[in-house]
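A quick write-up on the structure given underneath.
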Amino acid sequence: MKNNFDLVVIGGGVLGAFHAFHALNLGLKVALVEKDKAPQSATTRNFGQVVPSGMNSKWQAYGRESLKIYKEIQAKFDISIRNNGSVYLASNEEEVQLIEELHDINKGNDYSSSMLSKKECLEKYPGLRSDYVKAGLFFPDEVTVEPRVMIHRLLEFLEREKGLEIFINQTVVNCEKAGEKIQVHMAVGSRLEASKVVICNGKDFKLLYPEIFAQSDLEVSKLQMLQTKPQENYQLLGSVLTGLSIRRYEAFYECPSFAEIKKKEAVDSLEKKWGVHILFKQAMDGSVILGDSHQYADASDIDDLGYGLDMDIDGFMIQEAKKIIDLPTYEIAHRWYGMYAQCKNQDIFQKTIDENIHIITGIGGKGMTGSAGFAHENVKQIFNK
């Protein structure tokens with residue numbers, strides 16, 4: 001049958017695309033179904049930072065595998081990967097202690113990083129304020145991507161070079177076991193058949209298996225981000241993560257001093273209220289993306305997050321960003337929010353139905369960094385390879 005596949009992937013974001021990629025590399029016949037004309041959720045609405053350095057030990061391993069995969073693809077097909085490194089900027093002695101401890105941890109992990117003095121930070125990052133930075137920790141192997149470009153080029157690569165069959169503007173309304181196969185039914189009345197189905201549905205919990213998601217520990221995070229107008233005669237290399245990131249990212253949870261330092265933090269600050277940590281990344285057009293914030297709702301209450309942008313949050317993020325880097329302009333060209341799903345009590349949501357239907361979502365903010373590496377292992381498990 002023309003519509004008979006070894007694997008059907010539902011969802012064309014980064015997690016679904018890399019499940020397709022690894023299945024194709026096993027020589028399998030793969031289809032990918034995307035409900036929209038092109039992916040437009042969390043995969044396209046993030047910073048485009050691939051930062052294994054910010055992950056705990058388990059996910060750092062997936063992230064490092066992802067780095068290899070991104071770079072291998074980029075060598076064959078331009079998916080917007082730039083190997084320009086990541087830096088964590090410490091703003092006080094506690095944060096300096098944490099980046100020193102993380103540096104030591106990564107020596108043990110054999111993951112390259114280097115400490116930067118205050119002087120070296122100021123020389124490397126134009127506009128960085130002397131009254132903010134105390135020291136930095138630089139990861140040279142990490143990359144940035146253009147999030148509104150990467151997934152489209154990746155899917156083009158998979159279709160053109162790997163033989164992926166892509167079905168766009170197709171909403172899947174049901175998956176059911178039919179003998180040894182799984183039938184995937186579309187809203188338009190057509191269907192695909194596959195030996196196995198992987199559902200990477202992101203935050204879309206209302207179409208397939210809503211009862212499973214309603215009973216899960218999944219929640220949704222809404223993040224606000226901003227993008228300046230292009231900066232004239234200015235270059236900011238790589239991903240720039242700041243003191244609030246040091247206090248938020250999971251990698252630092254493994255530092256010996258982290259728990260004691262967290263105890264001292266104010267619990268009623270605006271950064272706590274809105275889940276703000278300040279990141280910078282310059283896009284290819286010279287503009288700078290900055291943010292972000294985090295507001296949460298259970299999977300069953302996703303609509304409570306609303307569809308508006310809170311200008312108080314945006315104003316606070318710009319105010320804090322100005323304390324860190326003096327950009328040539330903070331005139332904002334674009335504002336948006338993204339939403340991603342995550343679990344409250346585990347690192348990713350996985351559920352298998354009828355042995356051959358695999359739901360995989362709730363990867364949280366680890367998607368751009370961890371999906372390629374995680375999917376590599378997961379596809380091998382699914383197909384017993």
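Chain lettering (A, B, ...) mirrors the order of the structure tokens, residue numbering begins at 1 for each chain separately, and ligand numbering begins at 1 in order of display.
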(request) Using DSSP on the backbone coordinates, identify the residues of stretch 146-375 of chain A assigned to strand (DSSP E or B); present them as number ranges by chain. (result) A: 165-167, 172-178, 181-186, 191-199, 218-228, 239-241, 279-282, 288-291, 295-298, 325, 332-343, 349-353, 357-361, 363
Residues from last step as file, C-alpha atoms, as a CSV table (one decimal), in the first residue's frame:
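Dumped everything to selection35.csv:
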chain,number,residue,atom,x,y,z
A,165,GLU,CA,6.9,11.6,3.3
A,166,ILE,CA,5.3,14.7,4.9
A,167,PHE,CA,1.6,15.3,5.1
A,172,VAL,CA,-5.2,13.3,13.0
A,173,VAL,CA,-8.4,12.5,14.8
A,174,ASN,CA,-7.9,8.9,15.8
A,175,CYS,CA,-5.4,6.1,16.0
A,176,GLU,CA,-6.6,2.5,16.3
A,177,LYS,CA,-5.2,-0.9,16.2
A,178,ALA,CA,-6.2,-3.0,13.2
A,181,LYS,CA,-1.1,-2.4,12.1
A,182,ILE,CA,-2.1,1.0,13.5
A,183,GLN,CA,-4.5,3.0,11.4
A,184,VAL,CA,-4.1,6.8,11.6
A,185,HIS,CA,-7.3,8.6,10.6
A,186,MET,CA,-7.3,12.2,9.3
A,191,ARG,CA,-5.8,7.3,6.6
A,192,LEU,CA,-2.3,6.0,6.9
A,193,GLU,CA,-1.2,2.6,8.2
A,194,ALA,CA,1.9,1.9,10.2
A,195,SER,CA,3.6,-0.7,12.3
A,196,LYS,CA,4.3,2.0,14.9
A,197,VAL,CA,3.1,5.5,15.6
A,198,VAL,CA,4.9,8.2,17.6
A,199,ILE,CA,2.8,11.1,18.8
A,218,LEU,CA,1.7,17.7,32.6
A,219,GLU,CA,1.6,21.5,32.7
A,220,VAL,CA,2.1,24.2,30.2
A,221,SER,CA,4.5,27.1,30.4
A,222,LYS,CA,3.8,30.4,28.6
A,223,LEU,CA,7.0,32.4,27.8
A,224,GLN,CA,7.2,36.0,26.7
A,225,MET,CA,10.0,37.0,24.4
A,226,LEU,CA,11.1,40.2,22.6
A,227,GLN,CA,13.2,41.0,19.6
A,228,THR,CA,14.9,44.3,19.0
A,239,SER,CA,24.1,32.5,23.6
A,240,VAL,CA,24.4,34.9,26.6
A,241,LEU,CA,22.9,33.6,29.8
A,279,LEU,CA,18.9,35.7,28.0
A,280,PHE,CA,20.3,37.4,24.9
A,281,LYS,CA,20.9,36.0,21.4
A,282,GLN,CA,21.7,37.9,18.3
A,288,VAL,CA,18.7,40.7,19.5
A,289,ILE,CA,16.2,38.3,21.0
A,290,LEU,CA,15.8,38.7,24.8
A,291,GLY,CA,13.6,37.4,27.5
A,295,GLN,CA,3.7,31.4,33.7
A,296,TYR,CA,2.2,28.0,34.3
A,297,ALA,CA,-1.2,26.1,34.1
A,298,ASP,CA,-2.1,22.5,34.3
A,325,ILE,CA,24.2,44.9,28.3
A,332,ILE,CA,11.5,46.5,20.0
A,333,ALA,CA,10.5,45.2,16.6
A,334,HIS,CA,8.6,42.0,17.7
A,335,ARG,CA,6.9,40.6,20.8
A,336,TRP,CA,5.4,37.1,21.1
A,337,TYR,CA,4.9,34.3,23.4
A,338,GLY,CA,5.5,30.6,23.1
A,339,MET,CA,4.1,27.6,25.0
A,340,TYR,CA,5.6,24.3,25.9
A,341,ALA,CA,4.5,21.3,27.9
A,342,GLN,CA,6.5,19.9,30.7
A,343,CYS,CA,6.0,17.4,33.6
A,349,PHE,CA,6.0,12.4,29.4
A,350,GLN,CA,5.9,8.9,27.7
A,351,LYS,CA,2.9,6.7,27.4
A,352,THR,CA,2.5,3.5,25.2
A,353,ILE,CA,-1.0,2.5,24.0
A,357,ILE,CA,1.3,3.8,19.8
A,358,HIS,CA,3.9,5.9,21.7
A,359,ILE,CA,3.0,9.3,23.1
A,360,ILE,CA,6.1,11.5,23.7
A,361,THR,CA,5.7,15.0,24.9
A,363,ILE,CA,10.1,17.7,27.1
(request) Tell me, as a list in words, which residues lie within 12 Å of A:Cys255, counting only C-alpha atoms; anything in the same chain fewer than 4 positions away does not count. (result)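 The residues that qualify are Gly54, Asn56, Ser57, Glu94, Glu95, Val96, Gln97, Leu98, Ile99, Glu100, Glu101, Leu102, His103, Asp104, Ile105, Asn106, Ile246, Arg247, Tyr249, Glu250, Ala251, Ala259, Glu260, Ile261 and Lys262 of chain A.
You will find atom CA of A:Ala187 at 10.6 Å from atom CA of A:Leu207.
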(request) Please provide as a PyMOL selection string all residues within 6 Å of A:Ala90, with the sequence filter that same-chain residues fewer than 6 positions apart are discarded (counting only C-alpha atoms). (result) chain A and resi 96+133-136+243
(request) Give me the residues within 10 Å of A:Glu65 as a ChimeraX atom specification, counting only C-alpha atoms and dropping any in the same chain fewer than 4 places off. (result) /A:52,59-61,69-70,369-374,376
(message) What's the separation between atom CA of A:Asp292 and atom CA of A:Met317, in Å to one decimal place?
(response)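 Spanning atom CA of A:Asp292 to atom CA of A:Met317 is a straight-line distance of 7.3 Å.
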All residues 8 Å or closer to A:Leu67, only C-alpha atoms, same chain fewer than 3 positions away omitted, as a compact mmCIF listing (two decimals) with C-alpha atoms, in the first residue's frame:
# COMPACT_ATOMS: atom_id res chain seq x y z
CA VAL A 50 21.38 24.63 22.02
CA GLY A 63 22.30 17.49 24.41
CA ARG A 64 25.88 16.65 23.51
CA TYR A 70 23.13 19.25 14.33
CA LYS A 71 26.69 19.75 13.14
CA ASP A 141 31.12 23.72 21.44
CA GLU A 142 27.55 24.98 21.81
CA VAL A 143 25.53 26.33 18.91
CA THR A 369 18.80 21.09 22.97
(message) Env of A:Val14: 7 Å cut, atoms = only C-alpha atoms, seq-sep filter 4 positions within chain, self excluded. Answer as number ranges by chain.
(response) A: 18, 43, 151, 367-368, 371
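For the choices A:Ser293, A:Ser269, A:Asn169, A:Ser112, the atom-to-atom distance to A:Gly315 is smallest for A:Ser293 when using only C-alpha atoms.
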(request) One decimal, Å: what's the distance from atom CA of A:Glu146 over to atom CA of A:Leu305, could you say? (result) 26.2 Å
(request) Give me the residues within 8 Å of stretch 10-12 of chain A as number ranges by chain, counting only C-alpha atoms and dropping any in the same chain fewer than 5 places off. (result) A: 17, 32-35, 38-39, 172, 197-202
(message) Please extract the residues of stretch 328-375 of chain A with a backbone DSSP assignment of helix (DSSP H, G or I) and present them as a PyMOL selection string.
(response) chain A and resi 364-375
